[in-house]
Structure formats: structure tokens, C-alpha cells
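The block underneath contains the structure these notes are about, expressed in C-alpha cells.
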Amino acid sequence: MEQTELGRSGIKISRLGIGAWQAGGKQWGEDVRDADCIAAVVRAHELGINFVDSAEVYGNGHSEEVLSKALAEIGRDEMVVATKVAGSHLRHDDVLKACDASLKRLGTDVIDLYQIHWPSVWEQVPLKETMKALEKLQKDGKIRAIGVSNFAVRDMEEARSALSSTDISSNQVQYSMIHREIEKEVLPYCQKEKITVLAWAPLGEGALTGKYSKDKTPKDAVREHHYFFRPQNIEAINGLVKQLGEVGKAHGKSAPQVALNWLLKKDRVVPIPGAKTPMQAEHNAGAYGWDFTSKELSRLNKAIESLKLEAL
Ligand SMILES: NC(=O)c1ccc[n+]([C@@H]2O[C@H](COP(=O)([O-])OP(=O)(O)OC[C@H]3O[C@@H](n4cnc5c(N)ncnc54)[C@H](OP(=O)(O)O)[C@@H]3O)[C@@H](O)[C@H]2O)c1
């Protein structure tokens with residue numbers, strides 16, 4: 001699989017990554033198994049994916065522990081490992097402590113990309129304080145690159161201005177055919193500034209796979225109350241999925257593979273679909289390596305533009 005530079009860090013990552021929130025455990029459903037999550041990362045690596053994303057909050061560290069087992073199998077240096085410090089740990093010393101704990105759980109001595117999971121909305125920790133801690137971690141060799149997540153343009157600008165010897169490499173944000181808010185400001189800014197956009201929920205948390213309907217919705221903690229799965233919304237999304245399936249058919253591809261490929265067309269965007277099993281990881285890797293015709297692309301864009309979801 002083709003690789004791209006993570007921001008301007010010099011680190012090369014595959015055009016598609018894999019998300020490891022699922023490895024956090026049962027909040028993604030009763031069918032989640034550690035062994036399957038490990039096998040999913042191993043399978044993704046076999047198919048050319050070298051970028052994996054976790055966070056200290058995923059299963060209270062369990063995702064990182066599971067990931068360490070996958071890394072032991074694959075070989076640590078084969079993967080670019082990203083994790084995140086929680087938005088509630090953004091005080092200087094809390095960042096240092098959180099990083100040490102993640103390093104331990106991951107069984108590694110360096111994190112390739114260390115991200116602020118979300119801005120400090122409640123404690124209002126000044127970003128400057130957090131960025132100084134991240135810069136220290138980089139100088140100490142504990143992290144290779146700094147990233148942010150769920151940051152608006154003004155937050156990215158503030159974060160960057162607090163860094164003296166380095167820059168942010170990425171912003172991890174929700175981006176899919178059914179959630180395109182970042183197209184207004186965040187995406188153009190990142191493209192201009194050479195900041196990689198790591199697209200979370202690129203499959204709409206499973207809504208873009210076509211396996212859910214108003215009579216069959218996910219019952220796990222993450223998705224039970226998610227607006228994508230409200231009856232009228234999932235029906236509307238399935239109308240779009242039908243068209244994705246029709247477009248994909250000519251290429252021997254499925255609706256979710258079309259949804260991921262649509263993101264791959266965007267400059268600087270690296271989708272990180274979550275996978276619970278090696279089969280899902282393999283299927284998602286099949287989103288890479290083929291192309292739509294321009295007619296198909298304009299059909300998809302028209303269908304996406306006309307989709308209306310009720311979010312409130
Ligand atoms: N920074 C943040 O704030 C933030 C927030 C959310 C996620 N993330 C990161 O982004 C990653 C991806 O986002 P996400 O996991 O929320 O959503 P997603 O990737 O859109 O959806 C993942 C879910 O879709 C289903 N799925 C995946 N591949 C499939 C396939 N080939 N066929 C059928 N079903 C498939 C699986 O659930 P079922 O099989 O149960 O349907 C899987 O758990 C996460 O793992 C995490 O690393 C970050």
C-alpha cells in the first residue's frame with residue numbers, strides 16, 4: 001500500500017490505518033474478543049497497513065495492552081503507533097504521567113504519534129501548558145510526533161503557536177460521507193498547512209456498512225443512542241448505502257469499501273476504520289487500490305449532498 005508522510009514529521013504511514021478503540025472491550029459489543037482484535041491488527045499489517053490508533057481512555061488502557069500483544073507478534077518497528085492523552089489529563093505533569101503509563105501498557109519505549117484526545121473543555125487548562133509538556137516528551141525521546149484531535153482551526157493555531165521547536169503533525173477528527181463538518185474549515189486548513197487529517201468513524205461507526213436498519217441497530221454502549229442509528233436516519237443512510245453498492249459493483253467492491261475509497265480521494269486524509277476481526281480489517285484494506293470513474297464520483301457526491309440527517 002502506498003505511504004504518505006505524517007504531517008511534516010518524516011514518518012511514513014500507509015494511506016489507510018486501523019483504529020483500535022474496539023480492542024478496548026465490550027463497549028463495542030458483546031462480540032469483541034482480545035484475540036480477534038490482535039488478529040485484526042496483524043492482518044492489517046500483512047496487507048500493508050502500518051498505522052494503528054489507540055488511546056489511554058479506550059477500555060481504560062485495555063486497548064493499549066491488547067495492541068502491545070499485536071505489536072509483539074508483528075514486530076514493534078513494523079508499525080507506526082499512535083495513542084492519545086485524555087482531555088482530562090492536560091496539566092503539564094499529568095501529560096508526562098499519562099505518557100509513561102501508555103508506554104508501559106504498549107510495551108514500547110517510544111510512541112510514534114502522541115495526540116491530545118480532545119481540548120480541555122471543562123478544566124480550561126491553557127493549551128500552552130499542555131504543548132510544553134508534549135514538546136518535553138519529544139525532546140526526551142518518548143514520543144516522535146505530536147498530534148491533536150477534535151481541534152477546530154483556532155485550537156490548532158493556538159497549539160502551534162505554543163510550540164517552539166516542532167509542529168503538530170495531525171488532527172484526528174470525525175470524517176465520513178455522513179459527517180462532513182470538517183470540510184468547511186478544518187480540512188482546507190490542514191491541507192494548506194500540511195497537517196495530516198486522521199479520519200475517525202470513516203464508516204459512520206458501522207452505519208455505512210449496510211448491515212443495520214431501523215429494526216436492527218447496535219445495542220452497545222458506544223452506539224445505542226447514536227443519532228446515526230435513529231430509525232429515520234439509518235433508513236436515509238441505507239438509501240445512500242444502496243447507491244454505494246451499485247457504484248462498487250462495477251469494481252467488485254462493497255458499500256463500505258466505496259465509503260472508504262471516497263475518503264482516500266481527499267488530499268492529506270488518512271481514514272482509520274476500526275476493526276473487531278481480521279475479516280473486517282481485510283475487507284477495509286480492500287478499499288485501497290482502485291478508482292471510481294468521474295461519473296461515479298459525481299453520482300456519489302450528489303447522493304451525499306442530498307442526504308439529510310436529524311442530529312438533535
Ligand atoms: N479521536 C476521537 O475522538 C475518536 C473518536 C472515535 C473513534 N476514534 C478512532 O477512530 C477509529 C475508527 O472509528 P470508529 O471505530 O468509531 O468507527 P468506524 O471505523 O466508522 O466503525 C467501526 C465499526 O464498524 C464495523 N465495521 C468495521 N469494518 C467493517 C466491515 N468491513 N464490515 C462490516 N462492519 C465493519 C465494526 O462494528 P460492528 O461489526 O459491531 O458493526 C466496527 O467496530 C477508532 O477505532 C478509534 O481509533 C477516535
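By order of appearance in the C-alpha cells: chains A, B, ..., then residues from 1 within every chain, and ligands from 1 in the order shown.
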With the cut-off set at 8 Å and counting only C-alpha atoms and all ligand atoms, tabulate each residue of chain A with an atom at most that distance from an atom of ligand 1, showing the nearest atom pair and its distance in Å to one decimal, ordered by chain and increasing number, as a Markdown table.
| residue | atom | partner | partner_atom_place_in_ligand_line | distance |
| --- | --- | --- | --- | --- |
| A:Ile18 | CA | ligand 1 | 11 (C) | 6.9 |
| A:Gly19 | CA | ligand 1 | 45 (O) | 3.3 |
| A:Ala20 | CA | ligand 1 | 45 (O) | 4.3 |
| A:Trp21 | CA | ligand 1 | 45 (O) | 3.9 |
| A:Gln22 | CA | ligand 1 | 45 (O) | 5.6 |
| A:Trp28 | CA | ligand 1 | 43 (O) | 6.3 |
| A:Gly29 | CA | ligand 1 | 40 (O) | 6.3 |
| A:Asp31 | CA | ligand 1 | 40 (O) | 7.7 |
| A:Val52 | CA | ligand 1 | 47 (O) | 7.6 |
| A:Asp53 | CA | ligand 1 | 47 (O) | 4.7 |
| A:Ser54 | CA | ligand 1 | 47 (O) | 5.1 |
| A:Ala55 | CA | ligand 1 | 47 (O) | 7.3 |
| A:His117 | CA | ligand 1 | 1 (N) | 5.6 |
| A:Trp118 | CA | ligand 1 | 3 (O) | 6.7 |
| A:Ser149 | CA | ligand 1 | 1 (N) | 5.2 |
| A:Asn150 | CA | ligand 1 | 3 (O) | 6.2 |
| A:Gln172 | CA | ligand 1 | 1 (N) | 5.4 |
| A:Val173 | CA | ligand 1 | 1 (N) | 6.0 |
| A:Gln174 | CA | ligand 1 | 5 (C) | 6.9 |
| A:Ser176 | CA | ligand 1 | 20 (O) | 7.8 |
| A:Ala199 | CA | ligand 1 | 10 (O) | 6.9 |
| A:Trp200 | CA | ligand 1 | 10 (O) | 3.8 |
| A:Ala201 | CA | ligand 1 | 20 (O) | 3.1 |
| A:Pro202 | CA | ligand 1 | 20 (O) | 4.2 |
| A:Leu203 | CA | ligand 1 | 20 (O) | 3.2 |
| A:Gly204 | CA | ligand 1 | 20 (O) | 4.1 |
| A:Glu205 | CA | ligand 1 | 21 (O) | 3.3 |
| A:Gly206 | CA | ligand 1 | 24 (O) | 3.5 |
| A:Ala207 | CA | ligand 1 | 24 (O) | 7.3 |
| A:Leu208 | CA | ligand 1 | 20 (O) | 7.7 |
| A:Thr209 | CA | ligand 1 | 33 (C) | 5.4 |
| A:Lys211 | CA | ligand 1 | 33 (C) | 7.2 |
| A:Tyr212 | CA | ligand 1 | 41 (O) | 8.0 |
| A:Pro218 | CA | ligand 1 | 40 (O) | 6.8 |
| A:Pro256 | CA | ligand 1 | 31 (N) | 6.5 |
| A:Gln257 | CA | ligand 1 | 31 (N) | 7.6 |
| A:Pro271 | CA | ligand 1 | 12 (C) | 7.9 |
| A:Ile272 | CA | ligand 1 | 12 (C) | 5.2 |
| A:Pro273 | CA | ligand 1 | 19 (O) | 3.3 |
| A:Gly274 | CA | ligand 1 | 15 (O) | 3.8 |
| A:Ala275 | CA | ligand 1 | 27 (C) | 4.7 |
| A:Lys276 | CA | ligand 1 | 43 (O) | 5.6 |
| A:Met279 | CA | ligand 1 | 31 (N) | 7.0 |
| A:Gln280 | CA | ligand 1 | 31 (N) | 3.9 |
| A:Ala281 | CA | ligand 1 | 31 (N) | 6.3 |
| A:Glu282 | CA | ligand 1 | 31 (N) | 7.3 |
| A:His283 | CA | ligand 1 | 31 (N) | 4.7 |
| A:Asn284 | CA | ligand 1 | 31 (N) | 5.0 |
_as a ChimeraX atom specification, please: every residue in region 30-269 of chain A that DSSP puts in strand (DSSP E or B)._
/A:51-53,80-85,111-116,143-149,168-174,176,179,196-200,213,216,269
Since we have the selection now, will you write its residues out, keeping N, CA and C atoms, as an mmCIF file, in the first residue's frame?
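Final output, saved to result_14.cif:
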data_model
loop_
_atom_site.group_PDB
_atom_site.id
_atom_site.type_symbol
_atom_site.label_atom_id
_atom_site.label_comp_id
_atom_site.auth_asym_id
_atom_site.auth_seq_id
_atom_site.Cartn_x
_atom_site.Cartn_y
_atom_site.Cartn_z
ATOM 1 N N PHE A 51 -0.188 1.754 10.259
ATOM 2 C CA PHE A 51 -0.559 2.807 11.210
ATOM 3 C C PHE A 51 -1.738 2.359 12.068
ATOM 4 N N VAL A 52 -1.555 2.391 13.381
ATOM 5 C CA VAL A 52 -2.620 1.953 14.292
ATOM 6 C C VAL A 52 -2.843 3.017 15.351
ATOM 7 N N ASP A 53 -4.115 3.220 15.686
ATOM 8 C CA ASP A 53 -4.503 4.302 16.602
ATOM 9 C C ASP A 53 -5.186 3.759 17.855
ATOM 10 N N VAL A 80 3.659 2.076 12.949
ATOM 11 C CA VAL A 80 3.664 3.431 13.487
ATOM 12 C C VAL A 80 2.513 3.471 14.501
ATOM 13 N N VAL A 81 2.868 3.667 15.760
ATOM 14 C CA VAL A 81 1.881 3.548 16.835
ATOM 15 C C VAL A 81 1.451 4.930 17.322
ATOM 16 N N ALA A 82 0.136 5.145 17.260
ATOM 17 C CA ALA A 82 -0.434 6.418 17.738
ATOM 18 C C ALA A 82 -1.305 6.129 18.956
ATOM 19 N N THR A 83 -1.176 6.983 19.964
ATOM 20 C CA THR A 83 -2.131 6.901 21.065
ATOM 21 C C THR A 83 -2.440 8.324 21.529
ATOM 22 N N LYS A 84 -3.289 8.435 22.567
ATOM 23 C CA LYS A 84 -3.757 9.773 22.950
ATOM 24 C C LYS A 84 -3.796 9.961 24.450
ATOM 25 N N VAL A 85 -3.507 11.190 24.853
ATOM 26 C CA VAL A 85 -3.696 11.584 26.246
ATOM 27 C C VAL A 85 -5.115 12.152 26.356
ATOM 28 N N ILE A 111 6.454 6.340 21.632
ATOM 29 C CA ILE A 111 5.155 6.436 20.939
ATOM 30 C C ILE A 111 5.405 7.266 19.687
ATOM 31 N N ASP A 112 4.992 6.769 18.539
ATOM 32 C CA ASP A 112 5.304 7.483 17.286
ATOM 33 C C ASP A 112 4.489 8.770 17.141
ATOM 34 N N LEU A 113 3.211 8.696 17.509
ATOM 35 C CA LEU A 113 2.363 9.893 17.440
ATOM 36 C C LEU A 113 1.569 9.985 18.737
ATOM 37 N N TYR A 114 1.786 11.057 19.492
ATOM 38 C CA TYR A 114 1.063 11.243 20.756
ATOM 39 C C TYR A 114 0.110 12.419 20.563
ATOM 40 N N GLN A 115 -1.203 12.138 20.747
ATOM 41 C CA GLN A 115 -2.224 13.124 20.405
ATOM 42 C C GLN A 115 -2.990 13.602 21.645
ATOM 43 N N ILE A 116 -3.388 14.850 21.621
ATOM 44 C CA ILE A 116 -4.342 15.351 22.633
ATOM 45 C C ILE A 116 -5.719 14.875 22.173
ATOM 46 N N ILE A 143 8.285 10.435 22.659
ATOM 47 C CA ILE A 143 7.333 10.472 21.539
ATOM 48 C C ILE A 143 8.067 11.021 20.303
ATOM 49 N N ARG A 144 7.608 10.592 19.131
ATOM 50 C CA ARG A 144 8.294 11.074 17.918
ATOM 51 C C ARG A 144 7.572 12.268 17.292
ATOM 52 N N ALA A 145 6.255 12.265 17.351
ATOM 53 C CA ALA A 145 5.491 13.364 16.739
ATOM 54 C C ALA A 145 4.314 13.716 17.638
ATOM 55 N N ILE A 146 3.843 14.958 17.480
ATOM 56 C CA ILE A 146 2.730 15.469 18.284
ATOM 57 C C ILE A 146 1.493 15.637 17.407
ATOM 58 N N GLY A 147 0.361 15.165 17.908
ATOM 59 C CA GLY A 147 -0.892 15.338 17.167
ATOM 60 C C GLY A 147 -1.971 15.878 18.080
ATOM 61 N N VAL A 148 -3.058 16.356 17.462
ATOM 62 C CA VAL A 148 -4.220 16.792 18.231
ATOM 63 C C VAL A 148 -5.439 16.041 17.694
ATOM 64 N N SER A 149 -6.546 16.174 18.389
ATOM 65 C CA SER A 149 -7.763 15.500 17.934
ATOM 66 C C SER A 149 -8.962 16.359 18.316
ATOM 67 N N ILE A 168 2.615 20.513 15.084
ATOM 68 C CA ILE A 168 1.698 19.375 15.154
ATOM 69 C C ILE A 168 1.721 18.666 13.801
ATOM 70 N N SER A 169 1.596 17.349 13.828
ATOM 71 C CA SER A 169 1.661 16.566 12.591
ATOM 72 C C SER A 169 0.283 16.163 12.100
ATOM 73 N N SER A 170 -0.696 16.138 13.008
ATOM 74 C CA SER A 170 -2.004 15.613 12.597
ATOM 75 C C SER A 170 -3.121 16.190 13.451
ATOM 76 N N ASN A 171 -4.319 16.113 12.891
ATOM 77 C CA ASN A 171 -5.542 16.408 13.645
ATOM 78 C C ASN A 171 -6.485 15.249 13.357
ATOM 79 N N GLN A 172 -6.910 14.552 14.413
ATOM 80 C CA GLN A 172 -7.810 13.406 14.241
ATOM 81 C C GLN A 172 -9.240 13.868 14.482
ATOM 82 N N VAL A 173 -10.064 13.763 13.452
ATOM 83 C CA VAL A 173 -11.421 14.323 13.515
ATOM 84 C C VAL A 173 -12.418 13.380 12.853
ATOM 85 N N GLN A 174 -13.682 13.568 13.209
ATOM 86 C CA GLN A 174 -14.693 12.718 12.579
ATOM 87 C C GLN A 174 -14.878 13.149 11.119
ATOM 88 N N SER A 176 -16.588 11.385 7.437
ATOM 89 C CA SER A 176 -17.115 10.301 6.601
ATOM 90 C C SER A 176 -18.127 10.919 5.651
ATOM 91 N N HIS A 179 -20.708 12.568 7.720
ATOM 92 C CA HIS A 179 -20.325 13.586 8.704
ATOM 93 C C HIS A 179 -19.191 14.395 8.087
ATOM 94 N N THR A 196 -1.694 16.185 8.630
ATOM 95 C CA THR A 196 -2.483 15.010 8.234
ATOM 96 C C THR A 196 -3.820 14.988 8.980
ATOM 97 N N VAL A 197 -4.885 14.680 8.247
ATOM 98 C CA VAL A 197 -6.204 14.531 8.856
ATOM 99 C C VAL A 197 -6.467 13.036 9.033
ATOM 100 N N LEU A 198 -6.523 12.600 10.279
ATOM 101 C CA LEU A 198 -6.830 11.192 10.562
ATOM 102 C C LEU A 198 -8.341 11.113 10.737
ATOM 103 N N ALA A 199 -9.014 10.432 9.813
ATOM 104 C CA ALA A 199 -10.484 10.440 9.795
ATOM 105 C C ALA A 199 -11.041 9.345 10.685
ATOM 106 N N TRP A 200 -11.632 9.775 11.835
ATOM 107 C CA TRP A 200 -12.262 8.765 12.702
ATOM 108 C C TRP A 200 -13.725 8.543 12.306
ATOM 109 N N SER A 213 -30.392 -1.503 10.249
ATOM 110 C CA SER A 213 -31.643 -0.960 9.709
ATOM 111 C C SER A 213 -32.459 -0.456 10.896
ATOM 112 N N LYS A 216 -32.816 -3.266 13.168
ATOM 113 C CA LYS A 216 -31.589 -3.922 13.670
ATOM 114 C C LYS A 216 -30.518 -2.845 13.882
ATOM 115 N N VAL A 269 -5.912 13.102 3.766
ATOM 116 C CA VAL A 269 -6.826 12.385 4.657
ATOM 117 C C VAL A 269 -6.430 10.903 4.741
#
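For Val186 (chain A), the set of protein, DNA and RNA residues having any atom at most 8 Å away, when counting only C-alpha atoms and skipping those fewer than 4 positions along the same chain, is Ala152, Val153, Ile182 and Cys190 of chain A.
Shell of Pro278 (chain A) at 12 Å, with only C-alpha atoms counted and residues fewer than 3 places along the chain excluded, is Ile18, Val32, Arg33, Asp34, Ala35, Asp36, Cys37, Ile38, Ala39, Ala40, Val41, Val42, Arg43, Ala44, His45, Glu46, Leu47, Ala70, Gly274, Ala275, Ala281, Glu282, His283, Asn284 and Ala285 of chain A.
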*If you count only C-alpha atoms, which residues fall within 12 Å of Ser294 (chain A), apart from same-chain ones fewer than 3 positions away, as number ranges by chain?*
A: 247, 262, 265, 291, 297-301
I'd like the neighbourhood of Leu307 (chain A) as a short mmCIF file (atom, residue, chain, number, x, y, z; two decimals) with N, CA and C atoms, in the first residue's frame, where a residue qualifies if any of its atoms comes within 9 Å (using only C-alpha atoms), though same-chain residues fewer than 4 positions away should be ignored.
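In the end it all went to around37.cif:
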data_model
loop_
_atom_site.label_atom_id
_atom_site.label_comp_id
_atom_site.auth_asym_id
_atom_site.auth_seq_id
_atom_site.Cartn_x
_atom_site.Cartn_y
_atom_site.Cartn_z
N ILE A 178 -21.12 10.69 5.82
CA ILE A 178 -22.31 11.14 6.55
C ILE A 178 -21.96 12.13 7.68
N ALA A 236 -32.37 6.57 5.92
CA ALA A 236 -31.81 7.51 4.93
C ALA A 236 -30.39 7.10 4.56
N ILE A 237 -29.61 6.70 5.56
CA ILE A 237 -28.22 6.28 5.28
C ILE A 237 -28.23 5.04 4.39
N GLY A 239 -30.31 4.36 2.16
CA GLY A 239 -30.57 4.81 0.78
C GLY A 239 -29.26 5.15 0.09
N LEU A 240 -28.38 5.81 0.84
CA LEU A 240 -27.05 6.14 0.29
C LEU A 240 -26.24 4.86 0.09
N LYS A 302 -23.38 13.71 -5.39
CA LYS A 302 -24.77 14.18 -5.45
C LYS A 302 -25.61 13.49 -4.37
N ALA A 303 -25.42 12.19 -4.25
CA ALA A 303 -26.19 11.42 -3.26
C ALA A 303 -25.85 11.88 -1.84
#
*asked:* Between CA of Gln243 (chain A) and CA of Gly48 (chain A), what distance in Å does the model show, to one decimal?
replied: 28.5 Å
*Please run DSSP on the backbone and report, as a list of chain:residue names, all residues within region 184-245 of chain A that come out as alpha helix (DSSP H).*
A:Val186, A:Leu187, A:Pro188, A:Tyr189, A:Cys190, A:Gln191, A:Lys192, A:Glu193, A:Pro231, A:Gln232, A:Asn233, A:Ile234, A:Glu235, A:Ala236, A:Ile237, A:Asn238, A:Gly239, A:Leu240, A:Val241, A:Lys242, A:Gln243, A:Leu244, A:Gly245
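The two atoms in question, CA of Arg8 (chain A) and CA of Gly87 (chain A), are spaced 24.4 Å apart.
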Using only C-alpha atoms, determine which residues lie at most 10 Å from Asp109 (chain A), disregarding the query and same-chain residues fewer than 4 positions distant; provide the list as a PDB file with N, CA and C atoms, in the first residue's frame.
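File part.pdb, as written:
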ATOM      1  N   ASP A 100       3.924   8.048  30.288  1.00  0.00           N
ATOM      2  CA  ASP A 100       4.663   6.917  30.867  1.00  0.00           C
ATOM      3  C   ASP A 100       3.754   5.694  31.005  1.00  0.00           C
ATOM      4  N   SER A 102       1.072   4.995  29.230  1.00  0.00           N
ATOM      5  CA  SER A 102       0.775   4.432  27.894  1.00  0.00           C
ATOM      6  C   SER A 102       1.973   3.648  27.360  1.00  0.00           C
ATOM      7  N   LEU A 103       3.178   4.188  27.573  1.00  0.00           N
ATOM      8  CA  LEU A 103       4.391   3.476  27.112  1.00  0.00           C
ATOM      9  C   LEU A 103       4.453   2.087  27.749  1.00  0.00           C
ATOM     10  N   LYS A 104       4.144   2.051  29.034  1.00  0.00           N
ATOM     11  CA  LYS A 104       4.193   0.779  29.764  1.00  0.00           C
ATOM     12  C   LYS A 104       3.162  -0.210  29.201  1.00  0.00           C
ATOM     13  N   GLY A 141      12.682  12.048  23.881  1.00  0.00           N
ATOM     14  CA  GLY A 141      12.676  10.833  23.048  1.00  0.00           C
ATOM     15  C   GLY A 141      11.562   9.846  23.380  1.00  0.00           C
ATOM     16  N   LYS A 142      10.568  10.305  24.146  1.00  0.00           N
ATOM     17  CA  LYS A 142       9.476   9.384  24.491  1.00  0.00           C
ATOM     18  C   LYS A 142       8.378   9.366  23.419  1.00  0.00           C
ATOM     19  N   ILE A 143       8.285  10.435  22.659  1.00  0.00           N
ATOM     20  CA  ILE A 143       7.333  10.472  21.539  1.00  0.00           C
ATOM     21  C   ILE A 143       8.067  11.021  20.303  1.00  0.00           C
TER      22      ILE A 143
END
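Coordinates place CA of Leu134 (chain A) at a distance of 13.1 Å from CA of Ala86 (chain A).
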*Name the closest residue to Arg268 (chain A) among the candidates A:Glu296, A:Glu5, A:Asp167, A:Glu181; distances are taken between atoms, counting only C-alpha atoms.*
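Using only C-alpha atoms, the shortest distance to Arg268 (chain A) belongs to A:Glu5.
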_Calculated over only C-alpha atoms, which of the candidates A:Gln138, A:Ser88, A:Ser63, A:Asn50 has the smallest distance to Gly75 (chain A)?_
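Under the stated criterion, the closest residue is A:Asn50.
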